[in-house]
>>> print(open('final-v1.csv').read())   # CSV, N, CA and C atoms
chain,number,residue,atom,x,y,z
W,1,THR,N,-1.2,33.3,-30.3
W,1,THR,CA,-1.0,32.1,-31.0
W,1,THR,C,0.1,31.3,-30.3
W,2,MET,N,0.1,30.0,-30.4
W,2,MET,CA,1.0,29.2,-29.6
W,2,MET,C,1.6,28.1,-30.4
W,3,ILE,N,2.6,27.4,-29.8
W,3,ILE,CA,3.3,26.3,-30.4
W,3,ILE,C,2.8,25.1,-29.5
W,4,VAL,N,2.1,24.2,-30.1
W,4,VAL,CA,1.5,23.1,-29.4
W,4,VAL,C,2.3,21.8,-29.6
W,5,MET,N,2.5,21.0,-28.5
W,5,MET,CA,3.1,19.7,-28.5
W,5,MET,C,2.1,18.7,-28.2
W,6,VAL,N,2.1,17.6,-28.9
W,6,VAL,CA,1.2,16.5,-28.7
W,6,VAL,C,1.9,15.2,-29.0
W,7,CYS,N,1.6,14.2,-28.1
W,7,CYS,CA,2.1,12.8,-28.3
W,7,CYS,C,1.0,12.0,-28.9
W,8,VAL,N,1.4,11.2,-30.0
W,8,VAL,CA,0.4,10.4,-30.6
W,8,VAL,C,1.0,9.0,-31.0
W,9,ASP,N,0.1,8.0,-31.0
W,9,ASP,CA,0.5,6.7,-31.5
W,9,ASP,C,0.4,6.6,-33.0
W,10,ASP,N,0.6,5.5,-33.6
W,10,ASP,CA,0.5,5.3,-35.0
W,10,ASP,C,-0.8,5.6,-35.7
W,11,LYS,N,-1.9,5.6,-34.8
W,11,LYS,CA,-3.2,5.9,-35.3
W,11,LYS,C,-3.8,7.3,-34.8
W,12,ASN,N,-2.8,8.2,-34.4
W,12,ASN,CA,-3.1,9.5,-33.8
W,12,ASN,C,-3.8,9.4,-32.5
W,13,GLY,N,-3.8,8.2,-31.8
W,13,GLY,CA,-4.3,8.1,-30.5
W,13,GLY,C,-3.5,8.8,-29.5
W,14,MET,N,-4.3,9.4,-28.5
W,14,MET,CA,-3.6,10.2,-27.4
W,14,MET,C,-3.9,9.6,-26.0
W,15,MET,N,-5.1,9.1,-25.8
W,15,MET,CA,-5.5,8.6,-24.5
W,15,MET,C,-6.3,7.3,-24.6
W,16,PHE,N,-6.4,6.6,-23.6
W,16,PHE,CA,-7.3,5.4,-23.5
W,16,PHE,C,-7.8,5.4,-22.1
W,17,ASN,N,-9.2,5.3,-22.0
W,17,ASN,CA,-9.8,5.2,-20.7
W,17,ASN,C,-9.5,6.3,-19.8
W,18,LYS,N,-9.4,7.6,-20.3
W,18,LYS,CA,-9.1,8.8,-19.6
W,18,LYS,C,-7.7,8.9,-19.0
W,19,ARG,N,-6.8,8.1,-19.6
W,19,ARG,CA,-5.4,8.1,-19.2
W,19,ARG,C,-4.5,8.2,-20.4
W,20,ARG,N,-3.3,8.8,-20.2
W,20,ARG,CA,-2.4,9.0,-21.3
W,20,ARG,C,-1.9,7.6,-21.7
W,21,GLN,N,-1.6,7.4,-22.9
W,21,GLN,CA,-1.2,6.1,-23.5
W,21,GLN,C,0.2,5.8,-22.9
W,22,SER,N,1.1,6.7,-22.9
W,22,SER,CA,2.4,6.5,-22.5
W,22,SER,C,3.1,7.8,-22.1
W,23,GLN,N,4.3,7.6,-21.5
W,23,GLN,CA,5.1,8.8,-21.1
W,23,GLN,C,6.5,8.4,-21.2
W,24,ASP,N,7.4,9.4,-21.3
W,24,ASP,CA,8.8,9.2,-21.5
W,24,ASP,C,9.6,10.3,-20.8
W,25,ARG,N,10.5,10.0,-19.9
W,25,ARG,CA,11.3,10.9,-19.2
W,25,ARG,C,12.2,11.8,-20.1
W,26,VAL,N,12.8,11.2,-21.1
W,26,VAL,CA,13.7,11.9,-22.1
W,26,VAL,C,12.8,12.9,-22.9
W,27,LEU,N,11.6,12.4,-23.3
W,27,LEU,CA,10.7,13.3,-24.0
W,27,LEU,C,10.3,14.5,-23.2
W,28,ARG,N,10.0,14.4,-21.9
W,28,ARG,CA,9.7,15.5,-21.1
W,28,ARG,C,10.8,16.5,-21.1
W,29,GLN,N,12.1,16.0,-20.9
W,29,GLN,CA,13.2,16.9,-20.9
W,29,GLN,C,13.4,17.6,-22.2
W,30,HIS,N,13.2,16.9,-23.3
W,30,HIS,CA,13.3,17.4,-24.7
W,30,HIS,C,12.2,18.6,-24.8
W,31,MET,N,11.0,18.4,-24.3
W,31,MET,CA,10.0,19.5,-24.4
W,31,MET,C,10.5,20.7,-23.7
W,32,LEU,N,11.0,20.6,-22.5
W,32,LEU,CA,11.5,21.7,-21.8
W,32,LEU,C,12.7,22.4,-22.5
W,33,GLU,N,13.5,21.6,-23.2
W,33,GLU,CA,14.6,22.2,-23.9
W,33,GLU,C,14.1,23.0,-25.1
W,34,LEU,N,13.1,22.5,-25.8
W,34,LEU,CA,12.5,23.2,-26.9
W,34,LEU,C,11.9,24.5,-26.5
W,35,ALA,N,11.3,24.5,-25.3
W,35,ALA,CA,10.7,25.7,-24.8
W,35,ALA,C,11.7,26.8,-24.4
W,36,GLY,N,12.9,26.3,-24.1
W,36,GLY,CA,14.0,27.2,-23.8
W,36,GLY,C,13.7,28.1,-22.6
W,37,ASP,N,13.8,29.4,-22.7
W,37,ASP,CA,13.6,30.2,-21.6
W,37,ASP,C,12.1,30.7,-21.4
W,38,LYS,N,11.3,30.1,-22.3
W,38,LYS,CA,9.8,30.4,-22.2
W,38,LYS,C,9.2,29.3,-21.4
W,39,LYS,N,8.0,29.7,-20.8
W,39,LYS,CA,7.3,28.7,-20.0
W,39,LYS,C,6.7,27.6,-20.9
W,40,LEU,N,6.6,26.4,-20.4
W,40,LEU,CA,5.9,25.3,-21.1
W,40,LEU,C,4.5,25.2,-20.4
W,41,TRP,N,3.5,25.6,-21.1
W,41,TRP,CA,2.1,25.6,-20.5
W,41,TRP,C,1.5,24.2,-20.6
W,42,MET,N,0.7,23.8,-19.6
W,42,MET,CA,0.0,22.5,-19.6
W,42,MET,C,-1.1,22.6,-18.5
W,43,ASN,N,-1.9,21.6,-18.4
W,43,ASN,CA,-2.9,21.6,-17.3
W,43,ASN,C,-2.3,20.7,-16.2
W,44,ALA,N,-3.1,20.7,-15.1
W,44,ALA,CA,-2.6,20.0,-13.9
W,44,ALA,C,-2.4,18.5,-14.1
W,45,TYR,N,-3.2,17.9,-15.0
W,45,TYR,CA,-3.1,16.5,-15.3
W,45,TYR,C,-1.7,16.2,-15.9
W,46,SER,N,-1.3,17.0,-16.9
W,46,SER,CA,0.1,16.8,-17.5
W,46,SER,C,1.2,17.2,-16.5
W,47,ARG,N,1.0,18.2,-15.7
W,47,ARG,CA,2.0,18.7,-14.8
W,47,ARG,C,2.5,17.6,-13.9
W,48,LYS,N,1.6,16.6,-13.5
W,48,LYS,CA,2.0,15.5,-12.6
W,48,LYS,C,3.1,14.7,-13.0
W,49,GLN,N,3.4,14.6,-14.3
W,49,GLN,CA,4.5,13.7,-14.8
W,49,GLN,C,5.8,14.4,-14.9
W,50,PHE,N,5.9,15.8,-14.6
W,50,PHE,CA,7.1,16.5,-14.7
W,50,PHE,C,7.7,16.6,-13.3
W,51,PRO,N,9.0,16.5,-13.1
W,51,PRO,CA,9.6,16.5,-11.8
W,51,PRO,C,9.4,17.9,-11.1
W,52,LYS,N,9.4,17.9,-9.8
W,52,LYS,CA,9.2,19.1,-9.0
W,52,LYS,C,10.3,20.2,-9.4
W,53,GLU,N,11.5,19.8,-9.6
W,53,GLU,CA,12.6,20.7,-9.9
W,53,GLU,C,12.4,21.5,-11.2
W,54,ASP,N,11.4,21.1,-12.0
W,54,ASP,CA,11.1,21.8,-13.3
W,54,ASP,C,10.0,22.8,-13.1
W,55,GLU,N,9.4,22.9,-11.9
W,55,GLU,CA,8.2,23.7,-11.8
W,55,GLU,C,8.4,25.2,-12.2
W,56,SER,N,9.5,25.8,-12.1
W,56,SER,CA,9.7,27.2,-12.4
W,56,SER,C,9.6,27.4,-14.0
W,57,ARG,N,9.8,26.3,-14.7
W,57,ARG,CA,9.7,26.4,-16.2
W,57,ARG,C,8.4,26.0,-16.7
W,58,ILE,N,7.4,25.7,-15.9
W,58,ILE,CA,6.1,25.2,-16.3
W,58,ILE,C,5.0,26.2,-15.8
W,59,ALA,N,4.0,26.4,-16.6
W,59,ALA,CA,2.9,27.2,-16.3
W,59,ALA,C,1.6,26.3,-16.4
W,60,VAL,N,0.8,26.3,-15.3
W,60,VAL,CA,-0.4,25.4,-15.4
W,60,VAL,C,-1.6,26.3,-15.6
W,61,ALA,N,-2.4,25.9,-16.6
W,61,ALA,CA,-3.7,26.6,-16.9
W,61,ALA,C,-4.8,25.6,-16.9
W,62,GLU,N,-5.8,25.8,-16.2
W,62,GLU,CA,-6.9,24.9,-16.1
W,62,GLU,C,-8.1,25.3,-17.0
W,63,ASN,N,-8.3,26.6,-17.2
W,63,ASN,CA,-9.4,27.1,-18.0
W,63,ASN,C,-9.1,27.5,-19.4
W,64,GLY,N,-8.4,26.6,-20.1
W,64,GLY,CA,-8.0,27.0,-21.5
W,64,GLY,C,-6.7,27.6,-21.5
W,65,PHE,N,-6.3,27.9,-22.7
W,65,PHE,CA,-4.9,28.5,-22.9
W,65,PHE,C,-4.9,29.8,-23.6
W,66,GLN,N,-6.0,30.6,-23.3
W,66,GLN,CA,-6.1,31.9,-23.9
W,66,GLN,C,-5.0,32.9,-23.4
W,67,ASN,N,-4.4,32.7,-22.3
W,67,ASN,CA,-3.3,33.6,-21.8
W,67,ASN,C,-1.9,33.4,-22.4
W,68,ILE,N,-1.8,32.4,-23.2
W,68,ILE,CA,-0.5,32.1,-23.8
W,68,ILE,C,-0.2,33.1,-24.8
W,69,ARG,N,1.0,33.7,-24.7
W,69,ARG,CA,1.5,34.7,-25.7
W,69,ARG,C,2.1,34.0,-26.9
W,70,SER,N,2.1,34.7,-28.0
W,70,SER,CA,2.7,34.2,-29.2
W,70,SER,C,4.1,33.7,-29.0
W,71,GLY,N,4.3,32.5,-29.6
W,71,GLY,CA,5.7,31.9,-29.5
W,71,GLY,C,5.9,31.1,-28.2
W,72,GLU,N,4.9,31.0,-27.3
W,72,GLU,CA,5.0,30.2,-26.1
W,72,GLU,C,4.5,28.7,-26.5
W,73,TYR,N,5.0,27.8,-25.7
W,73,TYR,CA,4.7,26.4,-25.9
W,73,TYR,C,3.6,25.8,-25.0
W,74,CYS,N,2.9,24.9,-25.5
W,74,CYS,CA,1.8,24.3,-24.8
W,74,CYS,C,1.8,22.8,-25.0
W,75,PHE,N,1.8,22.0,-24.0
W,75,PHE,CA,1.7,20.5,-24.1
W,75,PHE,C,0.3,20.1,-23.9
W,76,LEU,N,-0.3,19.4,-24.9
W,76,LEU,CA,-1.7,18.9,-24.7
W,76,LEU,C,-1.7,17.4,-24.7
W,77,GLU,N,-2.4,16.9,-23.7
W,77,GLU,CA,-2.5,15.4,-23.6
W,77,GLU,C,-3.9,14.9,-23.6
W,78,ASP,N,-4.8,15.7,-22.9
W,78,ASP,CA,-6.2,15.2,-22.8
W,78,ASP,C,-7.1,16.2,-23.5
W,79,LYS,N,-6.6,17.0,-24.4
W,79,LYS,CA,-7.4,17.9,-25.2
W,79,LYS,C,-7.0,17.7,-26.6
W,80,ASP,N,-8.0,17.6,-27.5
W,80,ASP,CA,-7.7,17.5,-28.9
W,80,ASP,C,-7.2,18.9,-29.5
W,81,PRO,N,-6.0,18.9,-30.1
W,81,PRO,CA,-5.5,20.2,-30.6
W,81,PRO,C,-6.4,20.8,-31.6
W,82,ALA,N,-7.3,20.0,-32.2
W,82,ALA,CA,-8.2,20.6,-33.2
W,82,ALA,C,-9.1,21.7,-32.6
W,83,GLN,N,-9.4,21.6,-31.3
W,83,GLN,CA,-10.3,22.6,-30.7
W,83,GLN,C,-9.5,23.9,-30.5
W,84,TYR,N,-8.2,23.9,-30.7
W,84,TYR,CA,-7.4,25.2,-30.5
W,84,TYR,C,-6.9,25.6,-31.9
W,85,LYS,N,-7.4,25.0,-33.0
W,85,LYS,CA,-6.9,25.2,-34.3
W,85,LYS,C,-6.5,26.7,-34.6
W,86,GLU,N,-7.4,27.6,-34.3
W,86,GLU,CA,-7.2,29.0,-34.6
W,86,GLU,C,-6.1,29.6,-33.8
W,87,GLN,N,-5.8,29.1,-32.6
W,87,GLN,CA,-4.7,29.6,-31.7
W,87,GLN,C,-3.3,29.1,-32.0
W,88,ILE,N,-3.3,27.9,-32.8
W,88,ILE,CA,-2.0,27.3,-33.0
W,88,ILE,C,-1.3,27.9,-34.2
W,89,GLU,N,-0.1,28.3,-34.0
W,89,GLU,CA,0.8,28.8,-35.1
W,89,GLU,C,1.7,27.7,-35.6
W,90,GLU,N,2.2,26.9,-34.6
W,90,GLU,CA,3.0,25.7,-35.0
W,90,GLU,C,2.6,24.5,-34.2
W,91,LEU,N,2.9,23.4,-34.7
W,91,LEU,CA,2.5,22.1,-34.1
W,91,LEU,C,3.7,21.2,-34.1
W,92,ILE,N,3.9,20.6,-32.9
W,92,ILE,CA,5.0,19.6,-32.8
W,92,ILE,C,4.3,18.3,-32.4
W,93,LEU,N,4.4,17.3,-33.3
W,93,LEU,CA,3.9,15.9,-33.0
W,93,LEU,C,5.0,15.0,-32.6
W,94,PHE,N,4.9,14.3,-31.5
W,94,PHE,CA,5.8,13.3,-31.0
W,94,PHE,C,5.1,12.0,-31.2
W,95,HIS,N,5.7,11.2,-32.2
W,95,HIS,CA,5.1,9.9,-32.5
W,95,HIS,C,5.8,8.8,-31.6
W,96,TRP,N,5.0,8.0,-31.0
W,96,TRP,CA,5.5,6.9,-30.2
W,96,TRP,C,6.0,5.8,-31.1
W,97,ASN,N,5.6,5.8,-32.3
W,97,ASN,CA,6.0,4.7,-33.3
W,97,ASN,C,5.5,3.3,-32.8
W,98,ARG,N,4.4,3.3,-32.2
W,98,ARG,CA,3.7,2.1,-31.7
W,98,ARG,C,2.2,2.4,-31.8
W,99,THR,N,1.4,1.3,-31.8
W,99,THR,CA,0.0,1.4,-31.7
W,99,THR,C,-0.5,1.0,-30.3
W,100,TYR,N,-1.1,1.9,-29.6
W,100,TYR,CA,-1.6,1.6,-28.3
W,100,TYR,C,-3.2,1.6,-28.4
W,101,PRO,N,-3.8,1.0,-27.4
W,101,PRO,CA,-5.3,1.2,-27.3
W,101,PRO,C,-5.6,2.6,-27.2
W,102,ALA,N,-6.6,3.1,-27.9
W,102,ALA,CA,-6.9,4.5,-27.8
W,102,ALA,C,-8.4,4.7,-28.0
W,103,ASP,N,-9.0,5.6,-27.2
W,103,ASP,CA,-10.4,6.0,-27.4
W,103,ASP,C,-10.5,7.6,-27.5
W,104,PHE,N,-9.3,8.2,-27.5
W,104,PHE,CA,-9.3,9.7,-27.7
W,104,PHE,C,-8.1,10.0,-28.6
W,105,CYS,N,-8.4,10.7,-29.7
W,105,CYS,CA,-7.4,10.9,-30.7
W,105,CYS,C,-7.2,12.4,-31.1
W,106,CYS,N,-6.1,12.7,-31.7
W,106,CYS,CA,-5.8,14.0,-32.3
W,106,CYS,C,-6.6,14.0,-33.7
W,107,THR,N,-7.5,14.9,-33.9
W,107,THR,CA,-8.3,15.0,-35.1
W,107,THR,C,-7.9,16.2,-36.0
W,108,LEU,N,-6.8,16.9,-35.7
W,108,LEU,CA,-6.3,18.0,-36.4
W,108,LEU,C,-6.0,17.6,-37.9
W,109,ASP,N,-6.5,18.3,-38.8
W,109,ASP,CA,-6.3,18.0,-40.2
W,109,ASP,C,-4.9,18.5,-40.7
W,110,LEU,N,-4.0,17.7,-40.9
W,110,LEU,CA,-2.6,18.1,-41.2
W,110,LEU,C,-2.5,18.6,-42.6
W,111,SER,N,-3.5,18.4,-43.5
W,111,SER,CA,-3.4,18.9,-44.8
W,111,SER,C,-3.3,20.4,-44.9
W,112,GLU,N,-3.7,21.1,-43.8
W,112,GLU,CA,-3.6,22.6,-43.8
W,112,GLU,C,-2.3,23.0,-43.2
W,113,TRP,N,-1.4,22.1,-43.0
W,113,TRP,CA,-0.1,22.5,-42.4
W,113,TRP,C,1.1,22.0,-43.3
W,114,LYS,N,2.2,22.7,-43.1
W,114,LYS,CA,3.4,22.4,-43.8
W,114,LYS,C,4.4,21.8,-42.9
W,115,GLN,N,5.0,20.7,-43.2
W,115,GLN,CA,6.0,20.1,-42.3
W,115,GLN,C,7.3,20.8,-42.5
W,116,LYS,N,7.9,21.3,-41.3
W,116,LYS,CA,9.1,22.1,-41.3
W,116,LYS,C,10.3,21.2,-41.1
W,117,THR,N,10.2,20.3,-40.1
W,117,THR,CA,11.4,19.4,-39.8
W,117,THR,C,10.9,18.1,-39.3
W,118,THR,N,11.7,17.1,-39.4
W,118,THR,CA,11.5,15.8,-38.8
W,118,THR,C,12.8,15.3,-38.1
W,119,GLU,N,12.7,14.8,-36.9
W,119,GLU,CA,13.9,14.3,-36.3
W,119,GLU,C,13.5,13.1,-35.4
W,120,GLU,N,14.5,12.2,-35.2
W,120,GLU,CA,14.2,11.0,-34.4
W,120,GLU,C,15.2,11.1,-33.2
W,121,PHE,N,14.8,10.6,-32.1
W,121,PHE,CA,15.7,10.5,-30.9
W,121,PHE,C,15.2,9.3,-30.1
W,122,ALA,N,16.1,8.8,-29.3
W,122,ALA,CA,15.8,7.7,-28.4
W,122,ALA,C,15.3,8.2,-27.1
W,123,GLY,N,14.2,7.7,-26.6
W,123,GLY,CA,13.6,8.1,-25.3
W,123,GLY,C,14.1,7.1,-24.2
W,124,SER,N,13.5,7.3,-23.0
W,124,SER,CA,13.9,6.4,-21.9
W,124,SER,C,13.1,5.1,-22.0
W,125,SER,N,11.9,5.2,-22.5
W,125,SER,CA,11.0,4.0,-22.6
W,125,SER,C,10.7,3.6,-24.0
W,126,HIS,N,11.1,4.4,-24.9
W,126,HIS,CA,10.8,4.2,-26.4
W,126,HIS,C,12.1,4.3,-27.1
W,127,GLU,N,12.4,3.2,-27.9
W,127,GLU,CA,13.7,3.2,-28.6
W,127,GLU,C,13.8,4.3,-29.7
W,128,LYS,N,12.6,4.7,-30.2
W,128,LYS,CA,12.6,5.7,-31.2
W,128,LYS,C,11.3,6.6,-31.0
W,129,ILE,N,11.5,7.9,-30.9
W,129,ILE,CA,10.4,8.9,-30.9
W,129,ILE,C,10.7,9.8,-32.1
W,130,THR,N,9.7,10.0,-32.9
W,130,THR,CA,9.8,10.8,-34.1
W,130,THR,C,9.1,12.1,-33.8
W,131,GLN,N,9.9,13.2,-34.0
W,131,GLN,CA,9.3,14.6,-33.8
W,131,GLN,C,9.1,15.2,-35.2
W,132,GLU,N,7.8,15.6,-35.4
W,132,GLU,CA,7.5,16.3,-36.6
W,132,GLU,C,7.0,17.7,-36.3
W,133,TRP,N,7.6,18.7,-36.9
W,133,TRP,CA,7.3,20.1,-36.6
W,133,TRP,C,6.6,20.7,-37.8
W,134,TYR,N,5.4,21.2,-37.6
W,134,TYR,CA,4.6,21.8,-38.6
W,134,TYR,C,4.3,23.3,-38.4
W,135,VAL,N,4.1,24.0,-39.5
W,135,VAL,CA,3.7,25.4,-39.4
W,135,VAL,C,2.5,25.5,-40.3
W,136,LYS,N,1.6,26.5,-39.9
W,136,LYS,CA,0.4,26.7,-40.7
W,136,LYS,C,0.8,27.2,-42.1
W,137,GLY,N,0.1,26.7,-43.1
W,137,GLY,CA,0.4,27.2,-44.4
W,137,GLY,C,0.0,26.1,-45.4
>>> encode(input="final-v1.csv", output="structure tokens")
Amino acid sequence: TMIVMVCVDDKNGMMFNKRRQSQDRVLRQHMLELAGDKKLWMNAYSRKQFPKEDESRIAVAENGFQNIRSGEYCFLEDKDPAQYKEQIEELILFHWNRTYPADFCCTLDLSEWKQKTTEEFAGSSHEKITQEWYVKG
């Protein structure tokens, strides 16, 4: 089971025209800090936005995330977290607090989850990013 991180807009949008809606340098650093001494898993598409100097802290998986151990972190950008529902033990949503064009959304039903924390921080390209941390339950 894993801890999944997902960025969404105000309508749970994640991508538009097969591209991420947005990205933020401060948010990327924040994700690595949350992962601490554990690897931050992602696919090659997401890896491209992280600087080369962070490569030792990142694990790239292309054929799913079945090798992630309990308590490890996974950043999903172009996969709906709903498809990994059974593997997710905790979910961290990063809200852009904006509405972007979207044709791919997060469809995970949050009614099955309990919100643990909420915090806001300023990003590099977003004046406010809201982090919501959920646990199953």
>>> select_by_dssp(input="final-v1.csv", residues="region 5-74 of chain W", states="alpha helix (DSSP H)", output="number ranges by chain")
W: 25-35, 44-47
>>> residues_around(input="final-v1.csv", residues="Val60 (chain W)", least_positions_apart="6", cutoff="6 Å", atoms="all atoms listed in the file", output="tab-separated table (two decimals) with N, CA and C atoms, in the frame of the given file")
chain	number	residue	atom	x	y	z
W	41	TRP	N	3.50	25.60	-21.10
W	41	TRP	CA	2.10	25.60	-20.50
W	41	TRP	C	1.50	24.20	-20.60
W	42	MET	N	0.70	23.80	-19.60
W	42	MET	CA	0.00	22.50	-19.60
W	42	MET	C	-1.10	22.60	-18.50
W	43	ASN	N	-1.90	21.60	-18.40
W	43	ASN	CA	-2.90	21.60	-17.30
W	43	ASN	C	-2.30	20.70	-16.20
W	44	ALA	N	-3.10	20.70	-15.10
W	44	ALA	CA	-2.60	20.00	-13.90
W	44	ALA	C	-2.40	18.50	-14.10
>>> atom_distance(input="final-v1.csv", atom1="atom C of Tyr84 (chain W)", atom2="atom C of Gln29 (chain W)")
23.9 Å
>>> residues_near_point(input="final-v1.csv", point="(14.4, 6.9, -28.9)", cutoff="12 Å", atoms="only C-alpha atoms", output="PyMOL selection string")
chain W and resi 24-27+30+94-97+119-131
>>> closest_residue(input="final-v1.csv", among="W:Arg57, W:Lys136, W:Lys39, W:Arg98", to="Lys114 (chain W)", atoms="only C-alpha atoms")
W:Lys136
>>> closest_residue(input="final-v1.csv", among="W:Glu112, W:Glu89, W:Asp103, W:Glu132", to="Val4 (chain W)", atoms="all atoms listed in the file")
W:Glu89
>>> atom_distance(input="final-v1.csv", atom1="CA of Gly137 (chain W)", atom2="atom N of Thr99 (chain W)")
28.8 Å
>>> select_by_dssp(input="final-v1.csv", residues="chain W", states="strand (DSSP E or B)", output="MDAnalysis selection string")
chainID W and resid 2:8 13:16 19:20 40:42 58:60 72:76 88:95 104:105 113:121 129:136
>>> atom_distance(input="final-v1.csv", atom1="atom N of Gly36 (chain W)", atom2="CA of Tyr73 (chain W)")
8.4 Å
>>> residues_near_point(input="final-v1.csv", point="(10.5, 28.9, -27.2)", cutoff="6.5 Å", atoms="all atoms listed in the file", output="short mmCIF file (atom, residue, chain, number, x, y, z; two decimals) with N, CA and C atoms, keeping the file's coordinate frame")
data_model
loop_
_atom_site.label_atom_id
_atom_site.label_comp_id
_atom_site.auth_asym_id
_atom_site.auth_seq_id
_atom_site.Cartn_x
_atom_site.Cartn_y
_atom_site.Cartn_z
N LEU W 34 13.10 22.50 -25.80
CA LEU W 34 12.50 23.20 -26.90
C LEU W 34 11.90 24.50 -26.50
N ALA W 35 11.30 24.50 -25.30
CA ALA W 35 10.70 25.70 -24.80
C ALA W 35 11.70 26.80 -24.40
N GLY W 36 12.90 26.30 -24.10
CA GLY W 36 14.00 27.20 -23.80
C GLY W 36 13.70 28.10 -22.60
N ASP W 37 13.80 29.40 -22.70
CA ASP W 37 13.60 30.20 -21.60
C ASP W 37 12.10 30.70 -21.40
N LYS W 38 11.30 30.10 -22.30
CA LYS W 38 9.80 30.40 -22.20
C LYS W 38 9.20 29.30 -21.40
N GLY W 71 4.30 32.50 -29.60
CA GLY W 71 5.70 31.90 -29.50
C GLY W 71 5.90 31.10 -28.20
N GLU W 72 4.90 31.00 -27.30
CA GLU W 72 5.00 30.20 -26.10
C GLU W 72 4.50 28.70 -26.50
N TYR W 73 5.00 27.80 -25.70
CA TYR W 73 4.70 26.40 -25.90
C TYR W 73 3.60 25.80 -25.00
#
>>> closest_residue(input="final-v1.csv", among="W:Ile58, W:Leu110, W:Ile3, W:Ala102", to="Cys74 (chain W)", atoms="only N, CA and C atoms")
W:Ile3
>>> closest_atom_pairs(input="final-v1.csv", of="region 12-45 of chain W", to="region 77-81 of chain W", cutoff="7 Å", atoms="only C-alpha atoms", output="tab-separated table")
residue	atom	partner	partner_atom	distance
W:Met14	CA	W:Glu77	CA	6.5
W:Met15	CA	W:Asp78	CA	6.9
W:Arg20	CA	W:Glu77	CA	6.8
>>> residues_around(input="final-v1.csv", residues="Ala82 (chain W)", least_positions_apart="2", cutoff="8 Å", atoms="all atoms listed in the file", output="PyMOL selection string")
chain W and resi 79-80+84-86+105-109
